[in-house]
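Engineer: Pasting input07.cif here (mmCIF, C-alpha atoms):
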```cif
data_input
loop_
_atom_site.label_atom_id
_atom_site.label_comp_id
_atom_site.auth_asym_id
_atom_site.auth_seq_id
_atom_site.Cartn_x
_atom_site.Cartn_y
_atom_site.Cartn_z
CA MET A 28 12.69 -122.85 16.88
CA PRO A 29 10.96 -123.01 13.44
CA GLU A 30 13.07 -122.68 10.30
CA PRO A 31 12.91 -119.25 8.67
CA ASN A 32 10.41 -118.75 5.87
CA PRO A 33 10.81 -115.32 4.26
CA SER A 34 7.81 -115.89 2.00
CA PHE A 35 5.54 -116.31 5.04
CA ASP A 36 6.98 -113.03 6.34
CA GLY A 37 5.84 -111.31 3.14
CA TYR A 38 9.23 -111.13 1.41
CA PHE A 39 9.98 -111.89 -2.24
CA SER A 40 13.08 -111.51 -4.40
CA VAL A 41 14.00 -108.21 -6.00
CA PRO A 42 14.28 -108.37 -9.82
CA ASP A 43 17.32 -107.03 -11.68
CA TRP A 44 15.51 -103.93 -12.94
CA ALA A 45 14.57 -102.57 -9.50
CA PRO A 46 16.14 -99.17 -8.68
CA HIS A 47 19.47 -99.28 -6.85
CA ARG A 48 20.76 -97.36 -3.89
CA ARG A 49 24.27 -98.24 -5.08
CA THR A 50 26.31 -100.96 -6.78
CA TRP A 51 28.79 -103.16 -4.93
CA MET A 52 31.83 -104.80 -6.51
CA SER A 53 34.81 -106.84 -5.27
CA TRP A 54 38.36 -106.41 -6.60
CA PRO A 55 39.61 -109.69 -8.13
CA THR A 56 42.59 -111.26 -6.36
CA ASP A 57 42.45 -114.94 -7.37
CA PRO A 58 44.24 -115.48 -10.72
CA THR A 59 42.53 -118.85 -11.25
CA GLU A 60 38.94 -117.59 -11.40
CA MET A 61 39.11 -115.11 -14.29
CA PRO A 62 39.30 -116.36 -17.90
CA GLY A 63 41.44 -113.41 -19.05
CA GLY A 64 44.03 -113.46 -16.29
CA LEU A 65 44.32 -111.25 -13.23
CA LEU A 66 45.80 -108.08 -14.74
CA GLU A 67 43.38 -107.99 -17.67
CA SER A 68 40.48 -108.75 -15.33
CA ARG A 69 41.39 -105.87 -13.01
CA VAL A 70 41.41 -103.51 -15.99
CA ALA A 71 37.97 -104.84 -16.97
CA PHE A 72 36.64 -104.44 -13.43
CA ALA A 73 37.91 -100.88 -13.25
CA ASN A 74 36.29 -100.01 -16.60
CA VAL A 75 32.96 -101.46 -15.48
CA ALA A 76 33.12 -99.72 -12.09
CA ARG A 77 33.91 -96.34 -13.64
CA THR A 78 31.10 -96.78 -16.17
CA ILE A 79 28.53 -97.62 -13.50
CA ALA A 80 29.78 -94.76 -11.30
CA ARG A 81 28.69 -92.28 -13.95
CA HIS A 82 25.11 -93.30 -13.18
CA GLU A 83 24.96 -94.45 -9.56
CA PRO A 84 27.31 -94.78 -6.55
CA VAL A 85 29.77 -97.68 -6.61
CA ARG A 86 31.56 -99.27 -3.67
CA MET A 87 34.49 -101.58 -4.42
CA ILE A 88 35.67 -103.99 -1.71
CA VAL A 89 39.46 -104.21 -1.93
CA PRO A 90 42.00 -106.03 0.28
CA SER A 91 44.26 -103.54 2.06
CA ASP A 92 47.48 -104.78 0.42
CA VAL A 93 46.27 -103.75 -3.04
CA ALA A 94 44.00 -100.86 -2.04
CA ARG A 95 46.32 -98.08 -3.24
CA GLU A 96 46.82 -99.69 -6.64
CA ALA A 97 43.08 -100.30 -7.00
CA ALA A 98 42.16 -96.75 -5.99
CA LEU A 99 44.50 -95.28 -8.60
CA THR A 100 42.98 -97.55 -11.27
CA LEU A 101 39.37 -96.93 -10.23
CA GLY A 102 39.52 -93.16 -10.02
CA PRO A 103 37.85 -90.75 -7.60
CA LYS A 104 34.20 -91.58 -8.30
CA VAL A 105 34.46 -95.19 -7.07
CA GLU A 106 34.50 -95.56 -3.28
CA VAL A 107 37.10 -98.08 -2.06
CA LEU A 108 36.36 -100.06 1.11
CA GLU A 109 39.35 -101.91 2.54
CA ARG A 110 38.04 -105.32 3.54
CA PRO A 111 39.23 -108.92 3.01
CA SER A 112 38.10 -110.27 -0.35
CA ALA A 113 39.21 -113.20 -2.48
CA HIS A 114 36.82 -113.47 -5.41
CA GLY A 115 35.65 -110.87 -7.92
CA TRP A 116 32.37 -112.58 -8.79
CA ILE A 117 30.56 -110.74 -6.01
CA ARG A 118 27.08 -111.80 -7.09
CA ASP A 119 27.86 -115.45 -6.40
CA LEU A 120 29.14 -114.90 -2.85
CA ALA A 121 26.78 -112.08 -1.89
CA PRO A 122 23.30 -112.34 -0.38
CA THR A 123 19.97 -112.41 -2.19
CA PHE A 124 17.90 -109.25 -1.77
CA LEU A 125 14.26 -109.54 -0.72
CA THR A 126 11.59 -106.90 -0.39
CA THR A 127 8.00 -106.53 0.81
CA ASP A 128 5.09 -104.69 -0.78
CA ASP A 129 5.80 -101.69 1.45
CA GLY A 130 9.51 -101.61 0.55
CA HIS A 131 11.26 -103.21 3.52
CA ILE A 132 14.54 -104.86 2.46
CA LYS A 133 15.99 -108.03 3.94
CA THR A 134 18.60 -110.47 2.62
CA VAL A 135 19.47 -114.16 2.52
CA ALA A 136 23.11 -115.17 3.09
CA TRP A 137 23.77 -118.55 1.43
CA LYS A 138 26.45 -121.17 1.93
CA PHE A 139 29.38 -121.05 -0.51
CA ASN A 140 31.70 -123.92 -1.39
CA GLY A 141 33.78 -122.60 -4.28
CA TRP A 142 31.30 -123.32 -7.07
CA GLY A 143 30.97 -126.95 -6.14
CA GLY A 144 34.62 -127.27 -5.12
CA ARG A 145 35.90 -126.10 -8.52
CA HIS A 146 37.77 -123.16 -6.99
CA ILE A 147 39.60 -122.67 -3.71
CA VAL A 148 37.43 -121.46 -0.83
CA HIS A 149 39.59 -118.82 0.86
CA ASP A 150 39.29 -117.75 4.47
CA GLU A 151 37.90 -114.45 3.20
CA ASP A 152 34.95 -116.25 1.61
CA HIS A 153 33.60 -117.47 4.94
CA GLY A 154 31.17 -114.91 6.26
CA PHE A 155 31.58 -112.64 3.20
CA ALA A 156 27.81 -112.35 2.70
CA GLU A 157 27.23 -111.57 6.37
CA GLU A 158 29.95 -108.91 6.32
CA LEU A 159 28.43 -107.37 3.21
CA VAL A 160 24.96 -107.06 4.72
CA ARG A 161 26.53 -105.62 7.88
CA LEU A 162 28.15 -102.93 5.74
CA MET A 163 24.77 -102.29 4.14
CA GLY A 164 23.02 -102.18 7.51
CA LEU A 165 20.46 -104.80 6.44
CA PRO A 166 19.02 -107.74 8.39
CA HIS A 167 19.41 -111.21 6.94
CA TYR A 168 18.22 -114.79 6.98
CA ARG A 169 20.67 -117.69 6.74
CA GLY A 170 20.10 -119.81 3.65
CA PRO A 171 20.32 -123.54 4.45
CA ILE A 172 21.87 -124.71 1.15
CA VAL A 173 24.84 -123.98 -1.11
CA LEU A 174 23.69 -121.43 -3.66
CA GLU A 175 25.39 -118.80 -5.80
CA GLY A 176 23.56 -115.60 -6.66
CA GLY A 177 24.10 -115.96 -10.40
CA ALA A 178 22.30 -119.31 -10.37
CA VAL A 179 18.78 -117.87 -10.02
CA GLN A 180 16.83 -115.40 -12.15
CA THR A 181 13.48 -114.09 -10.90
CA ASP A 182 10.85 -111.79 -12.39
CA GLY A 183 9.54 -110.17 -9.20
CA LEU A 184 6.11 -111.74 -9.81
CA GLY A 185 6.65 -115.25 -8.50
CA THR A 186 8.69 -117.04 -11.18
CA ALA A 187 12.29 -118.25 -10.93
CA VAL A 188 14.51 -119.78 -13.62
CA VAL A 189 17.31 -122.15 -12.58
CA THR A 190 19.36 -124.98 -14.10
CA GLU A 191 19.66 -128.60 -13.11
CA GLN A 192 23.38 -128.33 -13.84
CA THR A 193 23.83 -126.02 -10.86
CA LEU A 194 21.08 -126.69 -8.33
CA MET A 195 21.15 -130.47 -8.80
CA SER A 196 24.94 -130.61 -8.81
CA PRO A 197 26.06 -133.44 -6.49
CA ASN A 198 29.04 -131.37 -5.35
CA ARG A 199 26.81 -128.57 -4.06
CA ASN A 200 23.74 -130.11 -2.41
CA PRO A 201 23.95 -133.89 -2.87
CA LEU A 202 21.06 -134.75 -0.55
CA ILE A 203 18.26 -132.73 -2.14
CA GLY A 204 16.12 -133.43 -5.20
CA HIS A 205 13.98 -131.26 -7.42
CA ALA A 206 11.07 -131.12 -4.97
CA GLU A 207 13.27 -130.10 -2.04
CA ALA A 208 15.08 -127.51 -4.13
CA GLU A 209 11.78 -126.02 -5.32
CA GLU A 210 10.47 -125.87 -1.76
CA MET A 211 13.64 -124.07 -0.65
CA LEU A 212 13.40 -121.55 -3.51
CA MET A 213 9.73 -120.90 -2.76
CA ARG A 214 10.48 -120.28 0.91
CA PHE A 215 13.51 -118.05 0.45
CA PHE A 216 12.69 -116.25 -2.82
CA GLY A 217 8.94 -115.81 -2.28
CA ILE A 218 8.13 -117.46 -5.60
CA VAL A 219 5.32 -119.79 -6.64
CA ARG A 220 6.88 -121.62 -9.58
CA VAL A 221 10.31 -122.76 -10.77
CA ILE A 222 11.28 -123.17 -14.43
CA TRP A 223 13.97 -125.82 -14.71
CA LEU A 224 16.48 -125.51 -17.52
CA GLY A 225 19.13 -128.14 -18.21
CA GLU A 226 22.72 -127.06 -18.84
CA GLY A 227 24.32 -123.69 -19.35
CA LEU A 228 27.39 -122.38 -21.17
CA THR A 229 30.19 -124.77 -22.02
CA GLY A 230 33.76 -124.61 -20.83
CA LEU A 231 33.24 -122.58 -17.65
CA LYS A 232 35.00 -124.02 -14.63
CA GLY A 233 32.62 -122.73 -11.98
CA GLY A 234 29.36 -121.07 -13.00
CA GLY A 235 28.63 -122.51 -16.43
CA GLY A 236 25.13 -123.45 -15.37
CA HIS A 237 24.32 -120.00 -14.01
CA VAL A 238 21.28 -118.55 -15.74
CA GLY A 239 22.64 -115.05 -15.06
CA ARG A 240 25.16 -115.71 -17.83
CA PHE A 241 22.87 -117.02 -20.57
CA CYS A 242 19.14 -116.59 -19.79
CA ARG A 243 17.77 -113.31 -18.41
CA PHE A 244 14.39 -111.88 -17.59
CA ILE A 245 13.84 -108.64 -19.48
CA ARG A 246 10.52 -108.14 -17.74
CA PRO A 247 7.85 -110.51 -16.38
CA GLY A 248 6.80 -112.89 -19.16
CA LEU A 249 9.79 -112.03 -21.41
CA LEU A 250 13.11 -113.89 -21.37
CA ALA A 251 16.20 -113.58 -23.55
CA ILE A 252 18.42 -116.61 -24.11
CA HIS A 253 21.88 -117.11 -25.63
CA SER A 254 21.01 -118.97 -28.83
CA PRO A 255 23.64 -120.13 -31.34
CA GLN A 256 22.18 -121.09 -34.73
CA ASP A 257 25.06 -123.30 -35.86
CA PRO A 258 24.50 -126.95 -34.84
CA GLU A 259 28.28 -127.30 -34.53
CA HIS A 260 28.47 -124.60 -31.84
CA PRO A 261 29.35 -126.15 -28.45
CA ASP A 262 26.34 -124.45 -26.79
CA PHE A 263 23.81 -125.41 -29.48
CA ARG A 264 22.46 -128.66 -28.01
CA ALA A 265 22.07 -127.30 -24.47
CA MET A 266 20.36 -124.09 -25.61
CA GLN A 267 17.94 -125.93 -27.92
CA ASP A 268 16.94 -128.10 -24.96
CA ASN A 269 16.48 -124.98 -22.84
CA LEU A 270 14.34 -123.34 -25.53
CA ASP A 271 12.12 -126.44 -25.66
CA ARG A 272 11.70 -126.30 -21.88
CA LEU A 273 10.87 -122.58 -21.85
CA ARG A 274 8.22 -122.93 -24.55
CA LYS A 275 6.21 -125.27 -22.34
CA TRP A 276 5.60 -122.58 -19.71
CA LYS A 277 2.97 -119.86 -19.45
CA SER A 278 3.62 -116.27 -18.46
CA PRO A 279 2.18 -114.81 -15.23
CA PHE A 280 -0.42 -113.08 -17.41
CA GLY A 281 -1.75 -116.13 -19.20
CA GLY A 282 -0.20 -116.74 -22.64
CA GLU A 283 3.11 -118.37 -23.41
CA ILE A 284 6.35 -116.96 -22.07
CA GLU A 285 7.91 -114.86 -24.82
CA VAL A 286 11.49 -115.90 -25.55
CA ILE A 287 14.00 -113.72 -27.41
CA GLU A 288 16.87 -115.63 -29.02
CA MET A 289 19.97 -113.50 -28.53
CA VAL A 290 22.80 -113.36 -31.03
CA VAL A 291 26.02 -115.05 -29.87
CA PRO A 292 29.66 -114.14 -30.60
CA ASP A 293 31.10 -115.53 -33.82
CA ALA A 294 34.29 -116.51 -32.02
CA ILE A 295 34.20 -119.88 -30.29
CA THR A 296 36.38 -119.78 -27.18
CA PRO A 297 37.29 -122.50 -24.65
CA ALA A 298 34.93 -120.83 -22.14
CA SER A 299 31.78 -119.59 -23.86
CA ALA A 300 31.10 -115.87 -23.79
CA SER A 301 27.62 -114.34 -23.92
CA TYR A 302 26.08 -110.92 -24.46
CA LEU A 303 23.44 -111.67 -21.82
CA GLY A 304 25.80 -110.84 -18.97
CA PHE A 305 24.56 -107.24 -19.18
CA TYR A 306 24.09 -105.15 -16.03
CA LEU A 307 21.25 -102.74 -15.25
CA ALA A 308 22.13 -99.51 -13.44
CA LYS A 309 20.24 -96.23 -13.06
CA GLY A 310 18.96 -95.27 -16.50
CA VAL A 311 21.35 -97.56 -18.40
CA VAL A 312 21.92 -101.13 -19.53
CA ILE A 313 25.64 -101.87 -19.63
CA VAL A 314 26.41 -104.39 -22.39
CA PRO A 315 29.62 -106.39 -22.79
CA ARG A 316 31.77 -105.68 -25.84
CA LEU A 317 33.60 -108.86 -26.85
CA ASP A 318 35.79 -107.64 -29.73
CA ASP A 319 33.60 -109.69 -32.04
CA PRO A 320 31.74 -108.98 -35.32
CA GLN A 321 28.43 -109.48 -33.48
CA ASP A 322 29.06 -106.71 -30.93
CA ASP A 323 27.04 -104.07 -32.78
CA ALA A 324 24.09 -106.39 -33.42
CA ALA A 325 24.00 -107.44 -29.77
CA LEU A 326 24.13 -103.84 -28.57
CA ALA A 327 21.29 -102.83 -30.90
CA ARG A 328 19.13 -105.78 -29.83
CA ILE A 329 19.60 -105.18 -26.12
CA ALA A 330 18.92 -101.47 -26.62
CA GLU A 331 15.59 -102.43 -28.25
CA LEU A 332 14.72 -104.61 -25.26
CA PHE A 333 15.29 -101.73 -22.82
CA PRO A 334 13.85 -98.67 -24.61
CA ASP A 335 13.69 -96.66 -21.37
CA ARG A 336 17.44 -97.05 -20.75
CA THR A 337 20.55 -95.92 -22.57
CA ALA A 338 22.61 -98.87 -23.83
CA VAL A 339 26.33 -98.48 -23.06
CA GLN A 340 29.09 -100.85 -24.14
CA VAL A 341 32.09 -101.73 -21.99
CA ASP A 342 34.90 -104.16 -22.69
CA GLY A 343 34.00 -107.62 -21.38
CA THR A 344 36.50 -109.84 -23.19
CA ALA A 345 38.60 -110.63 -20.12
CA VAL A 346 35.54 -111.79 -18.15
CA GLY A 347 33.59 -113.58 -20.88
CA GLY A 348 30.94 -110.87 -20.89
CA ALA A 349 29.81 -111.65 -17.33
CA LEU A 350 29.27 -108.07 -16.15
CA HIS A 351 26.18 -109.19 -14.18
CA HIS A 352 28.34 -111.45 -12.01
CA MET A 353 30.85 -108.65 -11.32
CA ALA A 354 28.34 -106.16 -9.93
CA LEU A 355 25.59 -106.31 -7.32
CA GLY A 356 22.85 -103.72 -7.10
CA GLU A 357 21.75 -102.87 -3.58
CA PRO A 358 18.04 -102.09 -4.00
CA GLU A 359 16.50 -98.79 -3.02
CA PRO A 360 13.79 -99.40 -0.40
CA ALA A 361 10.56 -98.35 -2.11
CA PRO A 362 6.91 -99.44 -1.87
CA LEU A 363 5.46 -101.19 -4.91
CA GLY A 364 3.05 -99.31 -7.14
#
```
Turn this file's structure into structure tokens for me.
Structural biologist:
Amino acid sequence: MPEPNPSFDGYFSVPDWAPHRRTWMSWPTDPTEMPGGLLESRVAFANVARTIARHEPVRMIVPSDVAREAALTLGPKVEVLERPSAHGWIRDLAPTFLTTDDGHIKTVAWKFNGWGGRHIVHDEDHGFAEELVRLMGLPHYRGPIVLEGGAVQTDGLGTAVVTEQTLMSPNRNPLIGHAEAEEMLMRFFGIVRVIWLGEGLTGLKGGGGHVGRFCRFIRPGLLAIHSPQDPEHPDFRAMQDNLDRLRKWKSPFGGEIEVIEMVVPDAITPASASYLGFYLAKGVVIVPRLDDPQDDAALARIAELFPDRTAVQVDGTAVGGALHHMALGEPEPAPLG
């Protein structure tokens, strides 16, 4: 039987700005995965869920033993589904969404190994992606490699951005090189080119190399990147290297890819925080507030980048600003054009 090839079937990845049918989240239960601790993280998750629920439906997956507590914290507008769940970073365990020109949705369920073995893989993690697509009523392919959803950014027009730190990590997929990884991404994301960045944010135990935390497509041909200006900042060297790499690429429309250098928090923390962990919901861009002097500047800049959306701040200090990793938009099936 031939290996699946979604791109040959006419499927390509759905970009972040596509309309959602709903947002999915997963109640955090592992105290080792959240930088702010479990209690503070649950408060942050509840705030984010309630904020999104003002704009589109939200379903929160919650283990049955904490379902009552979670429901009281989340409020009546967030639907609670009692299912086994171990990790709150739903985007990393969940499937990739694909679409066709006529709006058919299919998914890819990837292998998960605890961010390269840096966190415990719980029993609940096995089959989590398959259970999620079953709840959504969507068909899926099985991805043949270890891959977390936050590790890939796509523009919906054939370009993906990834990091060597994650995809070339020997504790994820030790037997593949750049060429094999690119071939896999082209097959399962329906893309035609891969932009390789180097390293990501410093100090993160699991997903530091995830582009979803520090480098985001705003639209095709336009990227924003976490960009400290102080050479002493722990992220400075890696982000300067990434900027150099990005400037060598062309946009899908010809000229150079436009790169916006995003302000970074003044505070330097053991695990770097970023304002680029924003989340797009219906009519809004939800921006992390980090209790930092740069919060207002970051909000204003992101609001400028999304003039057709209302920019809303929500506390992201307990999760390092990674709202994008906490929430997963299930796309609305819709033809292009």
Engineer: In Å to one decimal, how far is atom CA of A:Lys104 from atom CA of A:Ala327?
Structural biologist: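 That distance, rounded to one decimal, is 28.4 Å.
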Engineer: Tell me which residues the PyMOL selection byres ((chain A and resi 290) around 9) grabs here, as JSON, numbers by chain.
Structural biologist: {"A": [252, 253, 254, 255, 256, 288, 289, 291, 292, 301, 302, 321, 324, 325, 328]}
Engineer: Output the residue selection produced by the PyMOL selection byres ((chain A and resi 36) around 12) on the file above, formatted as a PyMOL selection string.
Structural biologist: chain A and resi 31-35+37-39+125-128+131-133+168+214-217
Engineer: For each of A:Val219, A:Met61, A:Val93, A:Ala71, take the minimum atom-to-atom distance to A:Lys232, counting only C-alpha atoms, then give the residue where this is smallest.
Structural biologist: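 Between A:Val219, A:Met61, A:Val93, A:Ala71, the residue approaching A:Lys232 most closely is A:Met61.
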Engineer: How many Å separate atom CA of A:Gly348 from atom CA of A:Ala300?
Structural biologist: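 Computed distance, atom CA of A:Gly348 to atom CA of A:Ala300, equals 5.8 Å.
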Engineer: Can you rebuild stretch 128-155 of chain A with N, CA and C atoms and give it as an mmCIF file, keeping the file's coordinate frame?
Structural biologist:
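The result, stored in part08.cif:
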```cif
data_model
loop_
_atom_site.group_PDB
_atom_site.id
_atom_site.type_symbol
_atom_site.label_atom_id
_atom_site.label_comp_id
_atom_site.auth_asym_id
_atom_site.auth_seq_id
_atom_site.Cartn_x
_atom_site.Cartn_y
_atom_site.Cartn_z
ATOM 1 N N ASP A 128 5.912 -105.631 -0.019
ATOM 2 C CA ASP A 128 5.090 -104.690 -0.780
ATOM 3 C C ASP A 128 5.301 -103.249 -0.330
ATOM 4 N N ASP A 129 5.617 -103.058 0.957
ATOM 5 C CA ASP A 129 5.800 -101.690 1.450
ATOM 6 C C ASP A 129 7.276 -101.256 1.438
ATOM 7 N N GLY A 130 8.154 -102.060 0.799
ATOM 8 C CA GLY A 130 9.510 -101.610 0.550
ATOM 9 C C GLY A 130 10.549 -101.940 1.595
ATOM 10 N N HIS A 131 10.246 -102.796 2.564
ATOM 11 C CA HIS A 131 11.260 -103.210 3.520
ATOM 12 C C HIS A 131 12.222 -104.206 2.852
ATOM 13 N N ILE A 132 13.528 -104.018 3.075
ATOM 14 C CA ILE A 132 14.540 -104.860 2.460
ATOM 15 C C ILE A 132 15.164 -105.784 3.505
ATOM 16 N N LYS A 133 15.290 -107.052 3.124
ATOM 17 C CA LYS A 133 15.990 -108.030 3.940
ATOM 18 C C LYS A 133 16.794 -108.903 2.980
ATOM 19 N N THR A 134 17.736 -109.675 3.488
ATOM 20 C CA THR A 134 18.600 -110.470 2.620
ATOM 21 C C THR A 134 18.670 -111.916 3.070
ATOM 22 N N VAL A 135 19.196 -112.760 2.187
ATOM 23 C CA VAL A 135 19.470 -114.160 2.520
ATOM 24 C C VAL A 135 20.945 -114.426 2.230
ATOM 25 N N ALA A 136 21.696 -114.823 3.245
ATOM 26 C CA ALA A 136 23.110 -115.170 3.090
ATOM 27 C C ALA A 136 23.210 -116.690 2.924
ATOM 28 N N TRP A 137 23.710 -117.125 1.759
ATOM 29 C CA TRP A 137 23.770 -118.550 1.430
ATOM 30 C C TRP A 137 25.128 -119.146 1.776
ATOM 31 N N LYS A 138 25.180 -120.466 1.776
ATOM 32 C CA LYS A 138 26.450 -121.170 1.930
ATOM 33 C C LYS A 138 27.209 -121.130 0.600
ATOM 34 N N PHE A 139 28.536 -121.091 0.685
ATOM 35 C CA PHE A 139 29.380 -121.050 -0.510
ATOM 36 C C PHE A 139 30.474 -122.088 -0.390
ATOM 37 N N ASN A 140 30.656 -122.893 -1.455
ATOM 38 C CA ASN A 140 31.700 -123.920 -1.390
ATOM 39 C C ASN A 140 32.607 -123.912 -2.633
ATOM 40 N N GLY A 141 32.848 -122.718 -3.161
ATOM 41 C CA GLY A 141 33.780 -122.600 -4.280
ATOM 42 C C GLY A 141 33.231 -123.162 -5.573
ATOM 43 N N TRP A 142 31.950 -122.843 -5.842
ATOM 44 C CA TRP A 142 31.300 -123.320 -7.070
ATOM 45 C C TRP A 142 31.394 -124.846 -7.187
ATOM 46 N N GLY A 143 30.938 -125.491 -6.131
ATOM 47 C CA GLY A 143 30.970 -126.950 -6.140
ATOM 48 C C GLY A 143 32.360 -127.519 -6.002
ATOM 49 N N GLY A 144 33.256 -126.786 -5.326
ATOM 50 C CA GLY A 144 34.620 -127.270 -5.120
ATOM 51 C C GLY A 144 35.525 -127.075 -6.312
ATOM 52 N N ARG A 145 35.083 -126.300 -7.312
ATOM 53 C CA ARG A 145 35.900 -126.100 -8.520
ATOM 54 C C ARG A 145 36.948 -125.001 -8.336
ATOM 55 N N HIS A 146 36.782 -124.175 -7.311
ATOM 56 C CA HIS A 146 37.770 -123.160 -6.990
ATOM 57 C C HIS A 146 38.071 -123.229 -5.494
ATOM 58 N N ILE A 147 39.209 -122.703 -5.122
ATOM 59 C CA ILE A 147 39.600 -122.670 -3.710
ATOM 60 C C ILE A 147 38.626 -121.800 -2.924
ATOM 61 N N VAL A 148 38.203 -122.278 -1.758
ATOM 62 C CA VAL A 148 37.430 -121.460 -0.830
ATOM 63 C C VAL A 148 38.423 -120.827 0.140
ATOM 64 N N HIS A 149 38.626 -119.531 0.020
ATOM 65 C CA HIS A 149 39.590 -118.820 0.860
ATOM 66 C C HIS A 149 38.955 -118.463 2.208
ATOM 67 N N ASP A 150 39.796 -118.178 3.157
ATOM 68 C CA ASP A 150 39.290 -117.750 4.470
ATOM 69 C C ASP A 150 38.369 -116.541 4.334
ATOM 70 N N GLU A 151 38.697 -115.666 3.384
ATOM 71 C CA GLU A 151 37.900 -114.450 3.200
ATOM 72 C C GLU A 151 36.482 -114.736 2.717
ATOM 73 N N ASP A 152 36.280 -115.914 2.123
ATOM 74 C CA ASP A 152 34.950 -116.250 1.610
ATOM 75 C C ASP A 152 33.966 -116.559 2.731
ATOM 76 N N HIS A 153 34.474 -117.103 3.836
ATOM 77 C CA HIS A 153 33.600 -117.470 4.940
ATOM 78 C C HIS A 153 33.072 -116.204 5.612
ATOM 79 N N GLY A 154 31.771 -116.086 5.641
ATOM 80 C CA GLY A 154 31.170 -114.910 6.260
ATOM 81 C C GLY A 154 31.168 -113.677 5.378
ATOM 82 N N PHE A 155 31.546 -113.816 4.080
ATOM 83 C CA PHE A 155 31.580 -112.640 3.200
ATOM 84 C C PHE A 155 30.189 -112.036 3.060
#
```
